[in-house]
>>> print(open('my_file_19.txt').read())   # compact mmCIF, C-alpha atoms
# COMPACT_ATOMS: atom_id res chain seq x y z
CA MET O 514 -6.40 -22.65 -25.87
CA LYS O 515 -5.07 -20.78 -28.91
CA ARG O 516 -7.54 -20.39 -31.78
CA ILE O 517 -7.47 -18.85 -35.24
CA TYR O 518 -10.79 -17.68 -36.65
CA LEU O 519 -11.34 -17.18 -40.34
CA SER O 520 -12.43 -14.35 -42.58
CA TRP O 521 -11.98 -14.15 -46.34
CA GLY O 522 -9.48 -12.16 -48.36
CA ILE O 523 -10.09 -8.46 -48.98
CA GLY O 524 -8.63 -6.04 -51.50
CA LEU O 525 -6.80 -3.02 -50.14
CA GLY O 526 -5.62 -0.40 -52.61
CA LEU O 527 -3.41 -2.07 -55.22
CA LEU O 528 -1.97 -4.61 -52.81
CA PHE O 529 -4.14 -7.50 -51.71
CA VAL O 530 -4.17 -8.80 -48.16
CA VAL O 531 -4.93 -12.46 -47.57
CA MET O 532 -6.54 -12.45 -44.15
CA SER O 533 -7.47 -14.89 -41.46
CA GLY O 534 -9.20 -12.69 -38.92
CA ALA O 535 -9.75 -13.26 -35.21
CA THR O 536 -13.32 -12.99 -33.95
CA TYR O 537 -14.30 -11.56 -30.58
CA CYS O 538 -16.11 -13.79 -28.11
CA GLU O 539 -18.25 -12.09 -25.49
CA GLY O 540 -16.88 -12.72 -22.03
CA ALA O 541 -13.44 -13.63 -23.33
CA ASP O 542 -10.51 -13.40 -20.95
CA ALA O 543 -9.22 -9.82 -20.88
CA ASN O 544 -5.68 -11.19 -20.69
CA ILE O 545 -5.90 -12.81 -24.13
CA VAL O 546 -3.23 -11.44 -26.47
CA GLU O 547 -3.93 -11.03 -30.17
CA LEU O 548 -0.82 -11.95 -32.15
CA THR O 549 -0.69 -10.97 -35.83
CA ILE O 550 1.56 -12.79 -38.28
CA LEU O 551 2.13 -10.90 -41.53
CA HIS O 552 3.80 -12.98 -44.20
CA THR O 553 5.17 -13.04 -47.74
CA ASN O 554 7.01 -15.59 -49.86
CA ASP O 555 8.63 -16.06 -53.27
CA ILE O 556 9.27 -12.37 -53.96
CA HIS O 557 12.21 -13.27 -56.24
CA SER O 558 13.78 -9.79 -56.24
CA ARG O 559 10.63 -8.10 -57.55
CA LEU O 560 11.17 -4.72 -55.92
CA ARG O 561 8.40 -3.13 -57.94
CA ALA O 562 5.03 -4.35 -59.13
CA GLU O 563 5.07 -6.11 -62.47
CA PRO O 564 3.58 -3.99 -65.28
CA GLY O 565 -0.20 -4.04 -65.21
CA ALA O 566 -0.32 -5.40 -68.73
CA SER O 567 1.69 -8.50 -67.84
CA GLU O 568 -0.09 -11.85 -67.87
CA HIS O 569 1.21 -12.65 -64.37
CA ASN O 570 -0.05 -9.39 -62.86
CA PRO O 571 -2.95 -7.89 -64.84
CA TYR O 572 -4.08 -5.73 -61.89
CA ASN O 573 -0.69 -4.15 -61.13
CA LEU O 574 -0.59 -5.63 -57.63
CA GLY O 575 2.39 -5.52 -55.31
CA GLY O 576 5.62 -3.61 -55.00
CA LEU O 577 7.71 -3.57 -51.84
CA ALA O 578 7.00 0.11 -51.21
CA ARG O 579 3.32 -0.77 -50.94
CA ILE O 580 4.11 -3.65 -48.61
CA LYS O 581 6.09 -1.26 -46.38
CA THR O 582 3.19 1.20 -46.25
CA LEU O 583 0.69 -1.53 -45.41
CA VAL O 584 2.92 -3.20 -42.81
CA ASP O 585 3.43 0.11 -41.01
CA ARG O 586 -0.32 0.69 -40.89
CA LEU O 587 -1.14 -2.81 -39.65
CA ARG O 588 1.56 -2.63 -36.98
CA LYS O 589 0.01 0.57 -35.64
CA GLU O 590 -3.29 -1.29 -35.35
CA ASN O 591 -1.66 -4.21 -33.53
CA PRO O 592 1.91 -3.79 -32.23
CA ASN O 593 1.96 -7.51 -31.33
CA THR O 594 2.95 -8.35 -34.89
CA LEU O 595 5.59 -10.48 -36.56
CA LEU O 596 6.54 -9.96 -40.22
CA LEU O 597 7.95 -13.12 -41.82
CA ASP O 598 9.05 -14.21 -45.29
CA ALA O 599 9.05 -17.90 -46.25
CA GLY O 600 11.93 -17.74 -48.72
CA ASP O 601 12.97 -17.25 -52.35
CA TRP O 602 13.56 -13.55 -51.85
CA ALA O 603 16.64 -13.50 -54.12
CA GLU O 604 17.16 -15.13 -57.52
CA ALA O 605 14.93 -14.50 -60.59
CA GLY O 606 14.58 -10.69 -60.75
CA LEU O 607 17.16 -8.35 -62.28
CA ALA O 608 18.15 -6.98 -58.86
CA TYR O 609 19.61 -10.40 -58.03
CA THR O 610 22.35 -9.95 -60.63
CA VAL O 611 23.82 -7.02 -58.68
CA ASP O 612 24.87 -8.84 -55.50
CA ALA O 613 23.16 -12.25 -55.34
CA GLY O 614 20.33 -10.97 -53.15
CA SER O 615 22.06 -8.82 -50.51
CA ASN O 616 20.06 -5.84 -51.72
CA MET O 617 16.81 -7.72 -51.04
CA LEU O 618 17.85 -8.36 -47.45
CA ARG O 619 18.63 -4.65 -47.04
CA VAL O 620 15.18 -3.76 -48.39
CA PHE O 621 13.60 -6.31 -46.05
CA ASP O 622 15.48 -4.62 -43.21
CA ALA O 623 14.01 -1.26 -44.20
CA ILE O 624 10.50 -2.76 -44.34
CA GLY O 625 10.94 -4.23 -40.88
CA TYR O 626 10.93 -8.00 -41.32
CA ASP O 627 11.49 -10.01 -38.15
CA ALA O 628 12.77 -13.22 -39.78
CA VAL O 629 13.08 -14.81 -43.21
CA ALA O 630 13.67 -18.34 -44.42
CA ALA O 631 16.22 -19.31 -47.04
CA GLY O 632 14.52 -20.76 -50.11
CA ASN O 633 16.13 -22.91 -52.79
CA HIS O 634 16.60 -19.87 -55.06
CA ASP O 635 18.44 -18.14 -52.22
CA TRP O 636 21.08 -20.88 -51.95
CA LEU O 637 21.47 -21.78 -55.63
CA ASN O 638 25.16 -20.82 -55.37
CA GLY O 639 25.73 -23.06 -52.36
CA PRO O 640 25.67 -22.52 -48.59
CA ALA O 641 28.98 -20.61 -48.46
CA GLU O 642 27.77 -18.02 -50.99
CA LEU O 643 24.47 -17.71 -49.12
CA ALA O 644 26.49 -16.86 -46.01
CA SER O 645 28.38 -14.23 -48.02
CA THR O 646 25.10 -12.74 -49.27
CA ILE O 647 23.86 -12.39 -45.70
CA GLU O 648 27.19 -10.98 -44.48
CA ARG O 649 27.18 -8.29 -47.16
CA ALA O 650 23.67 -7.20 -46.17
CA GLN O 651 24.17 -7.43 -42.38
CA PRO O 652 20.41 -7.54 -41.73
CA HIS O 653 19.03 -6.96 -38.25
CA PHE O 654 16.82 -10.05 -38.58
CA PRO O 655 17.85 -13.72 -38.72
CA VAL O 656 17.88 -15.80 -41.91
CA LEU O 657 16.62 -19.26 -40.97
CA GLY O 658 17.11 -22.81 -42.21
CA ALA O 659 17.36 -25.64 -39.69
CA ASN O 660 17.36 -28.91 -41.65
CA LYS O 661 20.94 -28.91 -42.90
CA ASP O 662 24.15 -30.88 -42.50
CA LEU O 663 27.16 -28.61 -42.95
CA ARG O 664 29.91 -30.95 -41.80
CA ALA O 665 31.51 -31.06 -45.28
CA VAL O 666 31.20 -27.31 -45.90
CA PRO O 667 34.43 -25.27 -45.67
CA GLY O 668 34.00 -22.51 -43.12
CA ARG O 669 31.12 -24.38 -41.53
CA ALA O 670 31.02 -22.16 -38.41
CA ARG O 671 30.59 -19.04 -40.56
CA VAL O 672 27.67 -20.56 -42.46
CA GLU O 673 26.01 -21.75 -39.25
CA GLN O 674 26.33 -18.26 -37.80
CA GLN O 675 24.58 -16.69 -40.80
CA LEU O 676 21.97 -19.41 -41.40
CA GLN O 677 20.37 -20.05 -38.03
CA ASP O 678 17.96 -22.82 -37.05
CA TYR O 679 15.36 -20.70 -35.26
CA ALA O 680 14.64 -17.45 -33.48
CA ILE O 681 12.42 -16.63 -30.51
CA PHE O 682 10.40 -13.42 -30.31
CA GLU O 683 8.35 -12.00 -27.48
CA ARG O 684 5.15 -10.03 -28.00
CA ALA O 685 3.16 -8.89 -24.95
CA GLY O 686 4.62 -11.71 -22.89
CA VAL O 687 3.95 -14.38 -25.52
CA ARG O 688 7.09 -16.17 -26.72
CA VAL O 689 6.98 -17.21 -30.36
CA ALA O 690 9.51 -19.70 -31.74
CA VAL O 691 10.03 -19.36 -35.50
CA ILE O 692 11.87 -22.30 -37.09
CA GLY O 693 13.14 -22.15 -40.67
CA LEU O 694 12.90 -25.19 -42.94
CA LEU O 695 14.86 -25.55 -46.19
CA THR O 696 13.47 -27.07 -49.39
CA GLU O 697 13.63 -30.86 -49.34
CA ASP O 698 12.96 -31.38 -53.09
CA LEU O 699 15.64 -33.60 -54.67
CA LEU O 700 15.58 -31.38 -57.76
CA TYR O 701 17.35 -28.63 -55.81
CA SER O 702 19.42 -30.54 -53.25
CA HIS O 703 22.59 -30.66 -55.36
CA PHE O 704 22.76 -26.85 -55.36
CA PHE O 705 23.38 -26.99 -51.60
CA LYS O 706 26.50 -29.16 -51.96
CA PRO O 707 28.76 -29.88 -50.20
CA GLY O 708 26.04 -29.26 -47.61
CA ILE O 709 23.15 -31.70 -47.28
CA ILE O 710 19.46 -30.88 -46.87
CA THR O 711 18.09 -33.14 -44.15
CA ASP O 712 14.56 -34.29 -43.23
CA PRO O 713 12.55 -31.17 -42.29
CA ILE O 714 10.09 -33.07 -40.08
CA LYS O 715 12.78 -34.82 -38.07
CA LYS O 716 14.77 -31.62 -37.51
CA ALA O 717 11.76 -29.45 -36.71
CA ALA O 718 10.45 -32.08 -34.27
CA GLU O 719 13.82 -32.17 -32.51
CA LEU O 720 13.75 -28.39 -32.08
CA THR O 721 10.11 -28.06 -31.01
CA ARG O 722 10.51 -30.79 -28.40
CA ARG O 723 13.65 -29.19 -27.01
CA LEU O 724 12.17 -25.69 -26.88
CA HIS O 725 8.87 -26.91 -25.43
CA ASP O 726 10.51 -29.02 -22.74
CA ALA O 727 12.73 -26.08 -21.78
CA GLY O 728 9.68 -23.81 -21.50
CA ALA O 729 11.25 -21.48 -24.07
CA ALA O 730 8.19 -20.83 -26.29
CA ASP O 731 4.40 -20.59 -26.13
CA VAL O 732 3.68 -20.56 -29.87
CA PHE O 733 5.51 -22.50 -32.60
CA VAL O 734 5.67 -21.24 -36.19
CA LEU O 735 7.40 -23.12 -39.00
CA LEU O 736 8.72 -20.87 -41.77
CA SER O 737 8.83 -23.64 -44.36
CA HIS O 738 10.02 -23.30 -47.95
CA ASN O 739 8.56 -26.60 -49.07
CA SER O 740 5.81 -27.65 -51.44
CA ILE O 741 2.28 -26.77 -50.34
CA SER O 742 1.45 -30.47 -50.79
CA LYS O 743 4.19 -31.34 -48.25
CA GLN O 744 3.14 -28.81 -45.62
CA PRO O 745 0.16 -30.78 -44.20
CA GLN O 746 2.49 -33.69 -43.46
CA ILE O 747 4.91 -31.31 -41.74
CA ALA O 748 2.11 -29.60 -39.79
CA ARG O 749 0.65 -32.89 -38.57
CA ASN O 750 3.89 -34.52 -37.49
CA VAL O 751 5.98 -31.80 -35.85
CA PRO O 752 4.95 -31.61 -32.15
CA TRP O 753 3.45 -28.41 -30.79
CA VAL O 754 3.21 -26.63 -34.15
CA ASN O 755 0.53 -23.95 -34.38
CA VAL O 756 1.25 -22.40 -37.78
CA VAL O 757 3.16 -23.24 -40.96
CA VAL O 758 3.98 -20.17 -43.06
CA SER O 759 4.60 -21.72 -46.46
CA GLY O 760 6.64 -20.77 -49.52
CA HIS O 761 7.85 -22.45 -52.70
CA SER O 762 4.59 -23.33 -54.49
CA HIS O 763 3.59 -19.73 -55.33
CA VAL O 764 0.01 -20.33 -54.23
CA LYS O 765 -2.36 -18.02 -52.38
CA THR O 766 -4.45 -19.35 -49.49
CA PRO O 767 -7.41 -16.97 -49.01
CA GLN O 768 -8.13 -19.04 -45.92
CA PRO O 769 -5.77 -21.29 -43.95
CA LYS O 770 -5.49 -24.98 -44.65
CA VAL O 771 -6.28 -26.69 -41.34
CA VAL O 772 -4.87 -30.02 -40.15
CA THR O 773 -4.93 -31.72 -36.76
CA ASN O 774 -1.80 -31.98 -34.65
CA ALA O 775 -2.21 -34.05 -31.47
CA GLY O 776 -5.89 -33.10 -31.32
CA GLN O 777 -5.30 -29.39 -31.88
CA PRO O 778 -5.61 -27.40 -35.12
CA ALA O 779 -2.49 -26.37 -37.03
CA TYR O 780 -2.82 -23.78 -39.79
CA ILE O 781 -1.01 -23.54 -43.13
CA VAL O 782 -0.83 -20.26 -45.05
CA GLU O 783 0.92 -19.02 -48.19
CA ALA O 784 0.73 -15.62 -49.87
CA GLY O 785 1.16 -16.06 -53.61
CA ASP O 786 4.36 -14.65 -55.08
CA TRP O 787 6.28 -11.61 -56.37
CA GLY O 788 5.09 -9.39 -53.52
CA GLN O 789 1.55 -9.13 -54.89
CA PHE O 790 0.00 -10.32 -51.63
CA LEU O 791 0.59 -9.78 -47.94
CA GLY O 792 -0.81 -12.52 -45.73
CA GLU O 793 -2.33 -11.65 -42.36
CA LEU O 794 -3.01 -14.36 -39.78
CA LYS O 795 -4.34 -13.57 -36.30
CA LEU O 796 -3.86 -15.82 -33.28
>>> encode(input="my_file_19.txt", output="structure tokens")
Amino acid sequence: MKRIYLSWGIGLGLLFVVMSGATYCEGADANIVELTILHTNDIHSRLRAEPGASEHNPYNLGGLARIKTLVDRLRKENPNTLLLDAGDWAEAGLAYTVDAGSNMLRVFDAIGYDAVAAGNHDWLNGPAELASTIERAQPHFPVLGANKDLRAVPGRARVEQQLQDYAIFERAGVRVAVIGLLTEDLLYSHFFKPGIITDPIKKAAELTRRLHDAGAADVFVLLSHNSISKQPQIARNVPWVNVVVSGHSHVKTPQPKVVTNAGQPAYIVEAGDWGQFLGELKL
């Protein structure tokens, strides 16, 4: 049985880590693998920490250089690590005006992200321009967003190639399926035209069932750029889900929100915004 055990958030230098730590049980199976999920969301092209005097960041937290330093250190402590971003990495900061977010994907590549979701601010210019943003950056990681209908989009195959449904990673023999979910809010859906945002629960359930039945994954993670109030519904109703890494609401979860999925716990985490926090979840 997979379990996540809780500890509270700790401060580390000028970048905070939101932690959910694994405890050790005496007599535990020596073959148990500890998988670490590091996560961010809603960075919005903030390459550097906001000035310490700003109302949003009075303690001068964050900065992607600090995230890189911390990620490298944590990966040395546990190489069985995935680094994920739950979306809105592009629009809002000044860097976005240069190339619509390609530079952020290049920086994410340098930091070592394994996968990122596309948030609503990442596809404000439509699905075709999102594909162009990804093509310009040519990241080594996938950009994910499964719940989409692209049949009316010109160059549909190109967009599908750049915006994938899911990716599977292997760490110490454990296969982890990471599925990206786009923002369902009606407020933003028209920005995706002529593409259509579809039901995230229905699409994620279709994928988890298929991957589970094929024996393709041991752990299921949803990288979901949806409201934190929507995530419990997603976590309860998508079969086999273990973790929902959340974005969109700009909230910090010092401890995971826990819901029940088919009698097993499913955990929801989010790491604030603007790169001020790095979430750490241990399975």
>>> closest_residue(input="my_file_19.txt", among="O:Glu793, O:Asp786, O:Asp662, O:Pro769", to="Asn570 of chain O", atoms="all atoms listed in the file")
O:Asp786
>>> atom_distance(input="my_file_19.txt", atom1="atom CA of Leu583 of chain O", atom2="atom CA of Gly792 of chain O")
11.1 Å
>>> residues_around(input="my_file_19.txt", residues="segment 548-554 of chain O", least_positions_apart="2", cutoff="6 Å", atoms="only C-alpha atoms", output="list in words")
Ile556, Asn593, Thr594, Leu595, Leu596, Leu597, Asp598, Ala599, Gly600, Gly760, Ala784, Asp786, Leu791, Gly792, Glu793, Leu794, Lys795 and Leu796 of chain O
>>> atom_distance(input="my_file_19.txt", atom1="atom CA of Ser742 of chain O", atom2="atom CA of Leu657 of chain O")
21.3 Å
>>> atom_distance(input="my_file_19.txt", atom1="atom CA of Ala605 of chain O", atom2="atom CA of Val691 of chain O")
26.0 Å
>>> closest_residue(input="my_file_19.txt", among="O:Pro571, O:Gly728, O:Pro713, O:Gly686", to="Ser740 of chain O", atoms="only C-alpha atoms")
O:Pro713
>>> closest_residue(input="my_file_19.txt", among="O:His634, O:Arg688, O:Lys716, O:His569", to="His557 of chain O", atoms="all atoms listed in the file")
O:His634
>>> closest_residue(input="my_file_19.txt", among="O:Ile741, O:Val734, O:Ala685, O:Ala665", to="Ile545 of chain O", atoms="all atoms listed in the file")
O:Ala685
>>> residues_around(input="my_file_19.txt", residues="Glu697 of chain O", least_positions_apart="6", cutoff="8 Å", atoms="all atoms listed in the file", output="ChimeraX atom specification")
/O:710-713,739
>>> closest_atom_pairs(input="my_file_19.txt", of="segment 660-734 of chain O", to="segment 648-655 of chain O", cutoff="8 Å", atoms="only C-alpha atoms", output="CSV")
residue,atom,partner,partner_atom,distance
O:Gln675,CA,O:Glu648,CA,7.3
O:Leu676,CA,O:Pro655,CA,7.5
O:Gln677,CA,O:Pro655,CA,6.8
O:Ala680,CA,O:Pro655,CA,7.2
>>> residues_around(input="my_file_19.txt", residues="segment 717-727 of chain O", least_positions_apart="2", cutoff="6 Å", atoms="all atoms listed in the file", output="PyMOL selection string")
chain O and resi 713-715+729+751-752
>>> closest_residue(input="my_file_19.txt", among="O:Leu736, O:Ile747, O:Val758, O:Val620", to="Asn774 of chain O", atoms="all atoms listed in the file")
O:Ile747
>>> decode(input="my_file_19.txt", residues="segment 773-793 of chain O", atoms="N, CA, C and O atoms", output="PDB file, in the first residue's frame")
ATOM      1  N   THR O 773     -10.847  10.651  -0.136  1.00  0.00           N
ATOM      2  CA  THR O 773     -10.874   9.201  -0.313  1.00  0.00           C
ATOM      3  C   THR O 773     -11.255   8.864  -1.741  1.00  0.00           C
ATOM      4  O   THR O 773     -12.237   9.384  -2.280  1.00  0.00           O
ATOM      5  N   ASN O 774     -10.469   7.999  -2.349  1.00  0.00           N
ATOM      6  CA  ASN O 774     -10.723   7.525  -3.705  1.00  0.00           C
ATOM      7  C   ASN O 774     -10.775   6.004  -3.655  1.00  0.00           C
ATOM      8  O   ASN O 774      -9.751   5.350  -3.448  1.00  0.00           O
ATOM      9  N   ALA O 775     -11.988   5.453  -3.809  1.00  0.00           N
ATOM     10  CA  ALA O 775     -12.191   4.000  -3.778  1.00  0.00           C
ATOM     11  C   ALA O 775     -11.567   3.372  -2.530  1.00  0.00           C
ATOM     12  O   ALA O 775     -10.931   2.320  -2.593  1.00  0.00           O
ATOM     13  N   GLY O 776     -11.744   4.045  -1.396  1.00  0.00           N
ATOM     14  CA  GLY O 776     -11.258   3.526  -0.127  1.00  0.00           C
ATOM     15  C   GLY O 776      -9.815   3.832   0.188  1.00  0.00           C
ATOM     16  O   GLY O 776      -9.332   3.488   1.270  1.00  0.00           O
ATOM     17  N   GLN O 777      -9.109   4.466  -0.719  1.00  0.00           N
ATOM     18  CA  GLN O 777      -7.700   4.811  -0.514  1.00  0.00           C
ATOM     19  C   GLN O 777      -7.543   6.329  -0.486  1.00  0.00           C
ATOM     20  O   GLN O 777      -8.304   7.057  -1.136  1.00  0.00           O
ATOM     21  N   PRO O 778      -6.532   6.831   0.240  1.00  0.00           N
ATOM     22  CA  PRO O 778      -6.336   8.279   0.281  1.00  0.00           C
ATOM     23  C   PRO O 778      -5.763   8.812  -1.028  1.00  0.00           C
ATOM     24  O   PRO O 778      -4.952   8.168  -1.690  1.00  0.00           O
ATOM     25  N   ALA O 779      -6.229   9.997  -1.415  1.00  0.00           N
ATOM     26  CA  ALA O 779      -5.643  10.747  -2.525  1.00  0.00           C
ATOM     27  C   ALA O 779      -5.303  12.133  -1.987  1.00  0.00           C
ATOM     28  O   ALA O 779      -6.081  12.715  -1.223  1.00  0.00           O
ATOM     29  N   TYR O 780      -4.149  12.663  -2.373  1.00  0.00           N
ATOM     30  CA  TYR O 780      -3.590  13.850  -1.754  1.00  0.00           C
ATOM     31  C   TYR O 780      -3.529  15.004  -2.743  1.00  0.00           C
ATOM     32  O   TYR O 780      -3.142  14.833  -3.892  1.00  0.00           O
ATOM     33  N   ILE O 781      -3.910  16.195  -2.275  1.00  0.00           N
ATOM     34  CA  ILE O 781      -3.948  17.392  -3.102  1.00  0.00           C
ATOM     35  C   ILE O 781      -2.964  18.407  -2.521  1.00  0.00           C
ATOM     36  O   ILE O 781      -3.013  18.721  -1.322  1.00  0.00           O
ATOM     37  N   VAL O 782      -2.073  18.916  -3.380  1.00  0.00           N
ATOM     38  CA  VAL O 782      -1.067  19.871  -2.916  1.00  0.00           C
ATOM     39  C   VAL O 782      -0.966  21.035  -3.897  1.00  0.00           C
ATOM     40  O   VAL O 782      -1.173  20.878  -5.101  1.00  0.00           O
ATOM     41  N   GLU O 783      -0.655  22.208  -3.380  1.00  0.00           N
ATOM     42  CA  GLU O 783      -0.400  23.389  -4.202  1.00  0.00           C
ATOM     43  C   GLU O 783       0.648  24.230  -3.490  1.00  0.00           C
ATOM     44  O   GLU O 783       0.712  24.246  -2.253  1.00  0.00           O
ATOM     45  N   ALA O 784       1.456  24.953  -4.255  1.00  0.00           N
ATOM     46  CA  ALA O 784       2.647  25.603  -3.687  1.00  0.00           C
ATOM     47  C   ALA O 784       2.663  27.114  -3.897  1.00  0.00           C
ATOM     48  O   ALA O 784       3.664  27.694  -4.305  1.00  0.00           O
ATOM     49  N   GLY O 785       1.543  27.772  -3.609  1.00  0.00           N
ATOM     50  CA  GLY O 785       1.536  29.232  -3.637  1.00  0.00           C
ATOM     51  C   GLY O 785       1.624  29.789  -5.042  1.00  0.00           C
ATOM     52  O   GLY O 785       0.911  29.369  -5.942  1.00  0.00           O
ATOM     53  N   ASP O 786       2.533  30.745  -5.242  1.00  0.00           N
ATOM     54  CA  ASP O 786       2.687  31.351  -6.563  1.00  0.00           C
ATOM     55  C   ASP O 786       4.008  32.099  -6.668  1.00  0.00           C
ATOM     56  O   ASP O 786       4.740  32.253  -5.692  1.00  0.00           O
ATOM     57  N   TRP O 787       4.331  32.527  -7.880  1.00  0.00           N
ATOM     58  CA  TRP O 787       5.461  33.401  -8.206  1.00  0.00           C
ATOM     59  C   TRP O 787       6.809  32.809  -7.803  1.00  0.00           C
ATOM     60  O   TRP O 787       7.779  33.539  -7.581  1.00  0.00           O
ATOM     61  N   GLY O 788       6.892  31.493  -7.652  1.00  0.00           N
ATOM     62  CA  GLY O 788       8.152  30.854  -7.327  1.00  0.00           C
ATOM     63  C   GLY O 788       8.625  31.086  -5.915  1.00  0.00           C
ATOM     64  O   GLY O 788       9.790  30.838  -5.595  1.00  0.00           O
ATOM     65  N   GLN O 789       7.733  31.514  -5.019  1.00  0.00           N
ATOM     66  CA  GLN O 789       8.134  31.759  -3.634  1.00  0.00           C
ATOM     67  C   GLN O 789       8.224  30.477  -2.814  1.00  0.00           C
ATOM     68  O   GLN O 789       8.860  30.463  -1.761  1.00  0.00           O
ATOM     69  N   PHE O 790       7.589  29.416  -3.300  1.00  0.00           N
ATOM     70  CA  PHE O 790       7.539  28.161  -2.563  1.00  0.00           C
ATOM     71  C   PHE O 790       7.847  26.992  -3.488  1.00  0.00           C
ATOM     72  O   PHE O 790       7.475  27.000  -4.662  1.00  0.00           O
ATOM     73  N   LEU O 791       8.521  26.017  -2.931  1.00  0.00           N
ATOM     74  CA  LEU O 791       8.737  24.740  -3.613  1.00  0.00           C
ATOM     75  C   LEU O 791       8.083  23.662  -2.772  1.00  0.00           C
ATOM     76  O   LEU O 791       8.439  23.483  -1.602  1.00  0.00           O
ATOM     77  N   GLY O 792       7.096  22.972  -3.342  1.00  0.00           N
ATOM     78  CA  GLY O 792       6.428  21.912  -2.605  1.00  0.00           C
ATOM     79  C   GLY O 792       7.236  20.634  -2.655  1.00  0.00           C
ATOM     80  O   GLY O 792       7.897  20.319  -3.666  1.00  0.00           O
ATOM     81  N   GLU O 793       7.212  19.871  -1.567  1.00  0.00           N
ATOM     82  CA  GLU O 793       7.883  18.576  -1.512  1.00  0.00           C
ATOM     83  C   GLU O 793       6.913  17.557  -0.912  1.00  0.00           C
ATOM     84  O   GLU O 793       6.471  17.694   0.218  1.00  0.00           O
TER      85      GLU O 793
END
